[in-house]
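Remarks on the structure that follows.
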Amino acid sequence: MEDGAVRCLLRATNFAAVKHKDQRRKDPEGTPYINHPIGVAYILMDEGDVTDIEVLQAAILHDTVEDTDTTLDEIQDVFGEKVRSIVAEVTDDKTLPKAERKRQQVLHAPTRSHQAKLVKLADKLYNLRDLTRATPAGWDQPRVEEYFQWAAQVVDGVRGTNKALEAKLDEVFRQQKA
């Protein structure tokens, strides 16, 4: 990897770490939230063989607009139009009720760019593995099952994007049913 690519990835990682600094995952350990976006980018690179720096940056930044005070304009100013575009495509509109946001993800997943679909696949894979590892505080088994069913609908809408990631997701879905 060239110096410029490393610099781009570290800039995105540092940006996300600062933005998510006080956030924790909902698992029993209260894992630092930054583990999630870094993990999503790692899945893309390691398991999906994705080397597109803008996709990897967007993966690291994918929750900053949704979950922090970051704006899409700020993403564009720091990381450029392409990264902004990918982040925008995977950002839920938090002004909508949760059920509608989930419906919108299922509805719009098939129309997203290839790059956004990659981020979506890796994000779902990370979240499903995390759910399998540890149930979030306040979640019961029906809620976990509902999340798996919804995630499967989103994944179905982006199939044909990355065979390796889709195979990993299929394995997680099979394990959940077993």
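Chains: A, B, ... in order of the structure tokens. Residues: from 1 per chain. Ligands: from 1, in order shown.
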**Request:** Excluding Asn35 in chain A and any residue of its chain fewer than 5 positions from it, enumerate the residues within 12 Å of it, using only C-alpha atoms, and give them as a ChimeraX atom specification.
**Result:** /A:13,16-17,20-21,23-25,30,40-43,59-61,63,123,126-127,130
**Message:** Which residues are near range 112-120 of chain A? Cut-off 10 Å, only C-alpha atoms, ignore same chain within fewer than 4 positions. Put them as a PyMOL selection string.
**Reply:** chain A and resi 37+40-41+43-44+48+50+52+54-60+62+82-83+85-91+105+108+124-126+151+154-155+157-162+165-166
Include N, CA and C atoms and write out the residues we just selected as a short mmCIF file (atom, residue, chain, number, x, y, z; two decimals), in the first residue's frame.
data_model
loop_
_atom_site.label_atom_id
_atom_site.label_comp_id
_atom_site.auth_asym_id
_atom_site.auth_seq_id
_atom_site.Cartn_x
_atom_site.Cartn_y
_atom_site.Cartn_z
N PRO A 37 -16.55 0.65 13.28
CA PRO A 37 -16.18 1.09 11.93
C PRO A 37 -14.82 0.58 11.47
N VAL A 40 -15.48 -2.92 10.32
CA VAL A 40 -16.17 -2.96 9.02
C VAL A 40 -15.16 -2.78 7.89
N ALA A 41 -14.26 -1.82 8.03
CA ALA A 41 -13.22 -1.62 7.01
C ALA A 41 -12.31 -2.84 6.91
N ILE A 43 -13.06 -6.00 7.59
CA ILE A 43 -13.81 -7.06 6.91
C ILE A 43 -13.75 -6.84 5.40
N LEU A 44 -13.97 -5.60 4.97
CA LEU A 44 -13.92 -5.31 3.54
C LEU A 44 -12.58 -5.70 2.94
N GLY A 48 -13.31 -9.41 2.08
CA GLY A 48 -13.93 -9.06 0.80
C GLY A 48 -12.93 -8.69 -0.27
N VAL A 50 -11.35 -6.01 -0.74
CA VAL A 50 -11.61 -4.66 -1.25
C VAL A 50 -10.40 -3.80 -0.94
N ASP A 52 -10.14 -0.54 -2.57
CA ASP A 52 -10.52 0.82 -2.95
C ASP A 52 -10.45 1.71 -1.69
N GLU A 54 -11.23 4.78 -1.10
CA GLU A 54 -12.43 5.56 -0.78
C GLU A 54 -13.52 4.71 -0.13
N VAL A 55 -13.64 3.47 -0.54
CA VAL A 55 -14.61 2.57 0.09
C VAL A 55 -14.17 2.27 1.52
N LEU A 56 -12.87 2.02 1.71
CA LEU A 56 -12.37 1.74 3.06
C LEU A 56 -12.52 2.96 3.97
N GLN A 57 -12.26 4.14 3.44
CA GLN A 57 -12.47 5.36 4.22
C GLN A 57 -13.95 5.50 4.59
N ALA A 58 -14.83 5.30 3.62
CA ALA A 58 -16.27 5.41 3.87
C ALA A 58 -16.71 4.40 4.92
N ALA A 59 -16.13 3.20 4.89
CA ALA A 59 -16.48 2.20 5.90
C ALA A 59 -16.10 2.69 7.29
N ILE A 60 -14.94 3.29 7.41
CA ILE A 60 -14.51 3.81 8.71
C ILE A 60 -15.39 4.97 9.15
N HIS A 62 -18.62 5.45 8.17
CA HIS A 62 -20.02 5.22 7.80
C HIS A 62 -21.05 5.61 8.86
N LYS A 82 -16.33 11.81 -3.34
CA LYS A 82 -16.63 10.39 -3.48
C LYS A 82 -16.90 9.74 -2.13
N VAL A 83 -16.04 10.01 -1.15
CA VAL A 83 -16.25 9.45 0.19
C VAL A 83 -17.55 9.99 0.77
N SER A 85 -20.20 10.88 -0.84
CA SER A 85 -21.30 10.22 -1.54
C SER A 85 -21.57 8.82 -0.97
N ILE A 86 -20.52 8.06 -0.75
CA ILE A 86 -20.69 6.71 -0.20
C ILE A 86 -21.27 6.78 1.21
N VAL A 87 -20.71 7.66 2.03
CA VAL A 87 -21.21 7.81 3.41
C VAL A 87 -22.68 8.22 3.38
N ALA A 88 -23.04 9.15 2.50
CA ALA A 88 -24.44 9.60 2.41
C ALA A 88 -25.36 8.44 2.07
N GLU A 89 -24.92 7.57 1.18
CA GLU A 89 -25.75 6.44 0.75
C GLU A 89 -26.01 5.43 1.87
N VAL A 90 -25.12 5.34 2.84
CA VAL A 90 -25.30 4.35 3.92
C VAL A 90 -25.74 4.99 5.23
N THR A 91 -26.07 6.27 5.19
CA THR A 91 -26.50 6.99 6.39
C THR A 91 -28.02 7.02 6.46
N GLN A 105 -34.00 1.19 4.41
CA GLN A 105 -32.78 0.44 4.07
C GLN A 105 -33.10 -0.72 3.13
N HIS A 108 -34.18 0.78 -0.40
CA HIS A 108 -33.17 1.47 -1.20
C HIS A 108 -31.88 0.70 -1.41
N LYS A 124 -23.31 -5.12 7.89
CA LYS A 124 -24.25 -6.15 8.35
C LYS A 124 -23.49 -7.37 8.88
N LEU A 125 -22.42 -7.76 8.19
CA LEU A 125 -21.65 -8.92 8.64
C LEU A 125 -21.07 -8.66 10.03
N TYR A 126 -20.50 -7.49 10.24
CA TYR A 126 -19.95 -7.15 11.55
C TYR A 126 -21.05 -7.19 12.62
N ALA A 151 -31.92 -7.90 8.51
CA ALA A 151 -30.60 -7.87 7.86
C ALA A 151 -30.59 -8.75 6.61
N VAL A 154 -32.08 -6.81 3.78
CA VAL A 154 -31.15 -5.81 3.26
C VAL A 154 -30.09 -6.50 2.40
N VAL A 155 -29.52 -7.58 2.90
CA VAL A 155 -28.48 -8.31 2.18
C VAL A 155 -29.03 -8.83 0.85
N GLY A 157 -31.07 -7.49 -1.01
CA GLY A 157 -31.15 -6.37 -1.94
C GLY A 157 -29.81 -5.95 -2.53
N VAL A 158 -28.72 -6.45 -1.98
CA VAL A 158 -27.40 -6.06 -2.50
C VAL A 158 -26.61 -7.26 -3.01
N ARG A 159 -27.27 -8.39 -3.14
CA ARG A 159 -26.57 -9.59 -3.64
C ARG A 159 -26.01 -9.34 -5.03
N GLY A 160 -24.88 -10.00 -5.28
CA GLY A 160 -24.18 -9.81 -6.54
C GLY A 160 -23.10 -8.75 -6.43
N THR A 161 -22.87 -8.25 -5.22
CA THR A 161 -21.88 -7.19 -5.00
C THR A 161 -20.51 -7.76 -4.68
N ASN A 162 -20.44 -8.76 -3.78
CA ASN A 162 -19.16 -9.35 -3.38
C ASN A 162 -19.44 -10.78 -2.90
N LEU A 165 -18.07 -11.84 0.69
CA LEU A 165 -18.82 -11.30 1.83
C LEU A 165 -20.20 -11.93 1.92
N GLU A 166 -20.83 -12.13 0.78
CA GLU A 166 -22.15 -12.75 0.78
C GLU A 166 -22.09 -14.18 1.31
#
**Asked** In Å to one decimal, how far is CA of Ala164 in chain A from CA of Asp49 in chain A?
**Response**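 Interatomic distance here is 8.3 Å.
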**Request:** Kindly give the distance, in Å, that separates CA of Pro32 in chain A and CA of Thr71 in chain A, rounded to a single decimal.
**Result:**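 Here the two named atoms are 21.7 Å from each other.
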**Asked** What separation in Å, quoted to one decimal, exists between CA of Arg143 in chain A and CA of Arg174 in chain A?
**Response**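 These two atoms are separated by 17.7 Å.
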**Message:** Set the distance at 12 Å and use only C-alpha atoms: which residues neighbour Gln141 in chain A once local chain neighbours fewer than 5 positions away are removed? I'd like the list as a list in words.
**Reply:** Leu131, Thr132, Ala134, Thr135, Pro136, Glu146, Tyr147, Phe148 and Gln176 of chain A
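Counting only C-alpha atoms, the residue from A:Ala122, A:Asp67, A:Asp3, A:Met45 that sits nearest to Tyr33 in chain A is A:Asp67.
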**Item:** Among listed residues A:Val6, A:Ile38, A:Ala152, A:Ala167, nearest Val106 in chain A (using only C-alpha atoms)
**Value:**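 Among the listed residues, the smallest separation from Val106 in chain A belongs to A:Ala152.
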